[in-house]
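Visitor: input.csv is reproduced below (CSV, C-alpha atoms).
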```
chain,number,residue,atom,x,y,z
A,1,MET,CA,25.8,34.9,-39.9
A,2,ARG,CA,24.4,32.1,-38.1
A,3,PHE,CA,23.9,31.9,-34.3
A,4,VAL,CA,23.7,28.6,-32.6
A,5,LEU,CA,21.9,28.6,-29.3
A,6,PHE,CA,22.9,26.0,-26.8
A,7,ASP,CA,20.7,24.9,-24.0
A,8,CYS,CA,22.3,26.0,-20.8
A,9,ILE,CA,22.8,23.2,-18.3
A,10,CYS,CA,21.9,25.0,-15.2
A,11,PRO,CA,20.9,23.4,-11.9
A,12,ASP,CA,17.4,24.0,-10.9
A,13,ARG,CA,16.8,26.2,-7.9
A,14,ALA,CA,15.9,23.2,-5.6
A,15,SER,CA,19.4,21.7,-5.9
A,16,LEU,CA,20.9,25.0,-4.6
A,17,VAL,CA,19.0,24.9,-1.4
A,18,PRO,CA,20.8,22.8,1.3
A,19,ASN,CA,18.9,19.6,2.2
A,20,LYS,CA,19.0,17.6,5.4
A,21,THR,CA,21.6,15.2,4.1
A,22,ASN,CA,24.1,18.0,3.4
A,23,HIS,CA,23.4,19.4,6.9
A,24,HIS,CA,24.1,16.0,8.5
A,25,VAL,CA,27.3,15.5,6.5
A,26,GLY,CA,28.5,18.9,7.7
A,27,ILE,CA,27.8,18.1,11.3
A,28,ILE,CA,29.6,14.8,11.0
A,29,LEU,CA,32.7,16.4,9.4
A,30,ILE,CA,32.8,19.0,12.1
A,31,ALA,CA,32.5,16.4,14.8
A,32,ILE,CA,35.3,14.3,13.2
A,33,SER,CA,37.6,17.4,13.0
A,34,VAL,CA,37.0,18.3,16.7
A,35,THR,CA,37.6,14.7,17.8
A,36,MET,CA,40.9,14.5,15.8
A,37,LEU,CA,42.0,17.8,17.3
A,38,ALA,CA,41.2,16.6,20.8
A,39,LEU,CA,43.1,13.4,20.2
A,40,ALA,CA,46.1,15.3,19.0
A,41,TYR,CA,46.3,17.3,22.2
A,42,ALA,CA,45.6,14.2,24.4
A,43,SER,CA,48.2,12.0,22.6
A,44,VAL,CA,51.2,13.1,24.6
A,45,PRO,CA,49.7,12.6,28.0
A,46,LEU,CA,48.0,9.3,26.9
A,47,TYR,CA,51.3,8.0,25.5
A,48,ARG,CA,53.1,9.0,28.7
A,49,LEU,CA,50.4,7.2,30.8
A,50,ILE,CA,50.6,4.1,28.6
A,51,CYS,CA,54.4,4.0,28.9
A,52,GLN,CA,54.4,4.4,32.6
A,53,LYS,CA,51.8,1.6,33.1
A,54,THR,CA,53.4,-0.9,30.7
A,55,GLY,CA,57.1,0.1,30.6
A,56,PHE,CA,56.7,0.6,26.8
A,57,GLY,CA,59.7,2.5,25.3
A,58,GLY,CA,61.9,1.7,28.3
A,59,THR,CA,59.9,3.8,30.7
A,60,PRO,CA,60.7,2.7,34.3
A,61,GLN,CA,57.9,2.2,36.8
A,62,VAL,CA,57.4,4.3,39.9
A,63,ALA,CA,57.3,2.2,43.0
A,64,LEU,CA,55.3,3.3,46.1
A,65,HIS,CA,57.7,1.5,48.5
A,66,ALA,CA,61.1,-0.2,48.5
A,67,SER,CA,61.6,-3.8,47.5
A,68,GLN,CA,61.1,-6.3,50.3
A,69,GLN,CA,63.0,-9.3,48.8
A,70,ILE,CA,66.1,-10.2,46.9
A,71,VAL,CA,65.6,-13.0,44.5
A,72,GLY,CA,68.5,-15.4,44.0
A,73,ASP,CA,72.0,-14.6,43.0
A,74,ARG,CA,71.4,-13.1,39.6
A,75,VAL,CA,73.3,-9.9,39.2
A,76,ILE,CA,72.5,-7.2,36.7
A,77,THR,CA,75.0,-4.5,35.7
A,78,VAL,CA,73.2,-1.1,35.7
A,79,GLN,CA,74.9,1.6,33.6
A,80,PHE,CA,74.2,5.3,34.1
A,81,ASN,CA,73.9,7.8,31.3
A,82,ALA,CA,73.4,11.6,31.5
A,83,ASP,CA,72.7,14.2,28.8
A,84,THR,CA,71.6,17.8,28.7
A,85,HIS,CA,69.6,19.6,26.0
A,86,ARG,CA,71.8,22.0,24.0
A,87,ASP,CA,69.7,25.0,25.4
A,88,LEU,CA,70.5,24.2,29.0
A,89,PRO,CA,73.9,25.5,30.2
A,90,TRP,CA,74.4,22.7,32.8
A,91,LYS,CA,77.0,20.1,33.3
A,92,PHE,CA,75.3,16.9,34.1
A,93,LYS,CA,76.9,13.5,34.8
A,94,PRO,CA,76.5,10.3,36.8
A,95,VAL,CA,78.6,10.1,39.9
A,96,GLN,CA,79.2,6.3,39.2
A,97,HIS,CA,79.2,5.1,35.7
A,98,LYS,CA,78.0,1.5,36.5
A,99,THR,CA,77.2,-0.8,39.3
A,100,GLU,CA,76.1,-4.3,39.9
A,101,VAL,CA,72.7,-4.9,41.5
A,102,ARG,CA,71.0,-8.1,42.6
A,103,ILE,CA,67.4,-8.5,41.5
A,104,GLY,CA,65.2,-7.1,44.2
A,105,GLU,CA,68.0,-5.1,45.9
A,106,ASN,CA,67.3,-1.5,46.7
A,107,PHE,CA,70.1,0.7,45.3
A,108,LEU,CA,70.9,4.4,45.7
A,109,ALA,CA,72.8,6.1,42.9
A,110,PHE,CA,73.7,9.8,42.4
A,111,TYR,CA,74.0,12.2,39.5
A,112,GLU,CA,75.8,15.5,39.6
A,113,ALA,CA,74.4,18.7,38.1
A,114,GLU,CA,76.0,22.2,37.9
A,115,ASN,CA,74.6,25.4,36.5
A,116,THR,CA,77.3,27.1,34.5
A,117,ALA,CA,75.2,30.1,33.7
A,118,ASP,CA,75.2,33.4,35.7
A,119,TYR,CA,71.5,33.2,36.4
A,120,PRO,CA,69.2,30.7,38.1
A,121,ILE,CA,67.7,28.0,35.9
A,122,VAL,CA,64.9,25.4,36.4
A,123,GLY,CA,65.4,22.1,34.7
A,124,MET,CA,63.4,18.9,34.4
A,125,ALA,CA,64.8,15.5,33.5
A,126,THR,CA,63.2,12.9,31.3
A,127,TYR,CA,64.3,9.3,31.7
A,128,ASN,CA,64.2,5.8,30.2
A,129,VAL,CA,66.0,2.4,30.4
A,130,SER,CA,67.3,0.1,27.8
A,131,PRO,CA,66.7,-2.5,26.7
A,132,ASP,CA,63.1,-1.3,26.4
A,133,ARG,CA,61.7,-4.6,27.5
A,134,ALA,CA,63.3,-4.2,30.9
A,135,GLY,CA,61.4,-0.9,31.6
A,136,ILE,CA,58.4,-2.6,33.2
A,137,TYR,CA,60.7,-4.2,35.9
A,138,PHE,CA,62.9,-1.2,36.6
A,139,ASN,CA,61.2,0.6,39.6
A,140,LYS,CA,62.2,4.0,41.0
A,141,ILE,CA,61.2,4.7,44.6
A,142,ALA,CA,62.6,8.2,44.7
A,143,CYS,CA,64.2,10.3,42.0
A,144,PHE,CA,65.2,13.8,41.2
A,145,CYS,CA,63.4,13.4,37.9
A,146,PHE,CA,60.0,13.4,39.7
A,147,GLU,CA,60.3,17.2,40.3
A,148,GLN,CA,61.7,20.3,38.7
A,149,GLN,CA,65.3,21.2,39.8
A,150,ARG,CA,66.3,24.8,40.3
A,151,LEU,CA,70.0,25.6,40.4
A,152,GLU,CA,71.4,29.0,41.2
A,153,PRO,CA,74.3,30.5,39.2
A,154,GLY,CA,77.4,28.2,39.7
A,155,GLN,CA,75.5,25.9,42.0
A,156,LYS,CA,76.5,22.2,42.0
A,157,VAL,CA,74.3,19.5,43.5
A,158,ASN,CA,74.2,15.7,43.9
A,159,MET,CA,70.8,14.3,43.0
A,160,PRO,CA,69.7,10.8,44.2
A,161,VAL,CA,67.8,8.1,42.5
A,162,LEU,CA,66.7,5.1,44.6
A,163,PHE,CA,65.6,2.1,42.5
A,164,PHE,CA,65.3,-1.7,42.4
A,165,ILE,CA,64.7,-4.3,39.7
A,166,ASP,CA,61.4,-6.1,40.3
A,167,PRO,CA,61.9,-9.8,41.3
A,168,LYS,CA,59.5,-10.8,38.5
A,169,PHE,CA,62.4,-9.9,36.2
A,170,ALA,CA,64.0,-13.2,37.1
A,171,THR,CA,61.1,-15.2,35.8
A,172,ASP,CA,60.5,-13.4,32.5
A,173,PRO,CA,61.8,-15.6,29.7
A,174,ASN,CA,62.2,-12.6,27.4
A,175,LEU,CA,64.9,-11.2,29.7
A,176,LYS,CA,67.0,-14.3,30.2
A,177,ASP,CA,69.8,-12.8,28.0
A,178,VAL,CA,69.8,-9.4,29.7
A,179,LYS,CA,72.9,-8.8,31.7
A,180,THR,CA,73.0,-5.0,31.5
A,181,ILE,CA,70.4,-2.2,31.9
A,182,THR,CA,71.2,1.4,31.1
A,183,LEU,CA,69.4,4.1,33.0
A,184,SER,CA,69.4,7.3,30.9
A,185,TYR,CA,68.4,10.9,31.8
A,186,THR,CA,68.2,14.0,29.7
A,187,PHE,CA,67.8,17.4,31.4
A,188,PHE,CA,65.8,20.1,29.6
A,189,ARG,CA,65.2,23.7,30.6
A,190,TYR,CA,61.8,23.7,32.3
A,191,LYS,CA,59.2,26.0,30.7
A,192,SER,CA,56.1,26.6,32.7
```
Please express the file's structure as structure tokens.
Guide:
Amino acid sequence: MRFVLFDCICPDRASLVPNKTNHHVGIILIAISVTMLALAYASVPLYRLICQKTGFGGTPQVALHASQQIVGDRVITVQFNADTHRDLPWKFKPVQHKTEVRIGENFLAFYEAENTADYPIVGMATYNVSPDRAGIYFNKIACFCFEQQRLEPGQKVNMPVLFFIDPKFATDPNLKDVKTITLSYTFFRYKS
């Protein structure tokens, strides 16, 4: 019988002890992981802030005061849309389905909501306008969507939205072909 001995390829002890380079790589990987986690949590508020400031995704602007001027005779048809999340037992609809608004004109519209459940519910509305590129010029002065709405069992309410289309809309060449803007709301059950 013959035995063959092989040299064992074993690392020397010095390579098993962590060195400074491995320590630095570990710290860098942990820092990257923490940063990515923080960005994941911050992404929704950051996205919302960017949309509100730029009108991206059809997000209307919030105006601090009413419009002071009507620009020309250009008229835009504003359509109103209303939806509810499937987990919210409310009936929600616009009181008027569309209206014609002159650029710069302040307009008051109403939506109607009714709680069909036998218990009180707090809802919150999200909103947008289409086409998306009109969002930066669609200004809300007052809106039910700025606050939570609590409806008692069977309660029916009219909820106002006061808005205007910024006069700068008339000078934007990207909006020359826009004749209709749709204002959409979706109500969700509010979870604190």
Visitor: Using only C-alpha atoms, which of A:Ala40, A:Ile103, A:Val129, A:Leu108 sits nearest A:Gln69?
Guide: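 The shortest atom-to-atom distance to A:Gln69 comes from A:Ile103.
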Visitor: Which residue, A:Arg86, A:Pro94, A:Phe138, A:Gly154, has the smallest gap to A:Thr116 when you use all atoms listed in the file?
Guide: A:Gly154
Visitor: Restricting the calculation to all atoms listed in the file, which member of A:Leu162, A:Leu88, A:Ala125, A:Ile76 is positioned closest to A:Lys179?
Guide: A:Ile76
Visitor: Of the residues A:Lys93, A:His24, A:Lys176, A:Lys156, which is the one nearest to A:Val75, using all atoms listed in the file?
Guide: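 Of all the options, A:Lys176 lies closest to A:Val75.
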Visitor: At what distance in Å, to one decimal, does atom CA of A:Arg133 lie from atom CA of A:Asp73?
Guide: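 Separation between atom CA of A:Asp73 and atom CA of A:Arg133: 21.1 Å.
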Visitor: With all atoms listed in the file as the atoms that count, which of A:Asn106, A:Ala134, A:Glu114, A:Tyr190 lies nearest to A:Val161?
Guide: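 Smallest distance to A:Val161 is found for A:Asn106.
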Visitor: Counting only C-alpha atoms, which of A:Asp132, A:Thr126, A:His23, A:Lys191 gets nearest to A:Asn174?
Guide: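 Of A:Asp132, A:Thr126, A:His23, A:Lys191, the one nearest A:Asn174 is A:Asp132, counting only C-alpha atoms.
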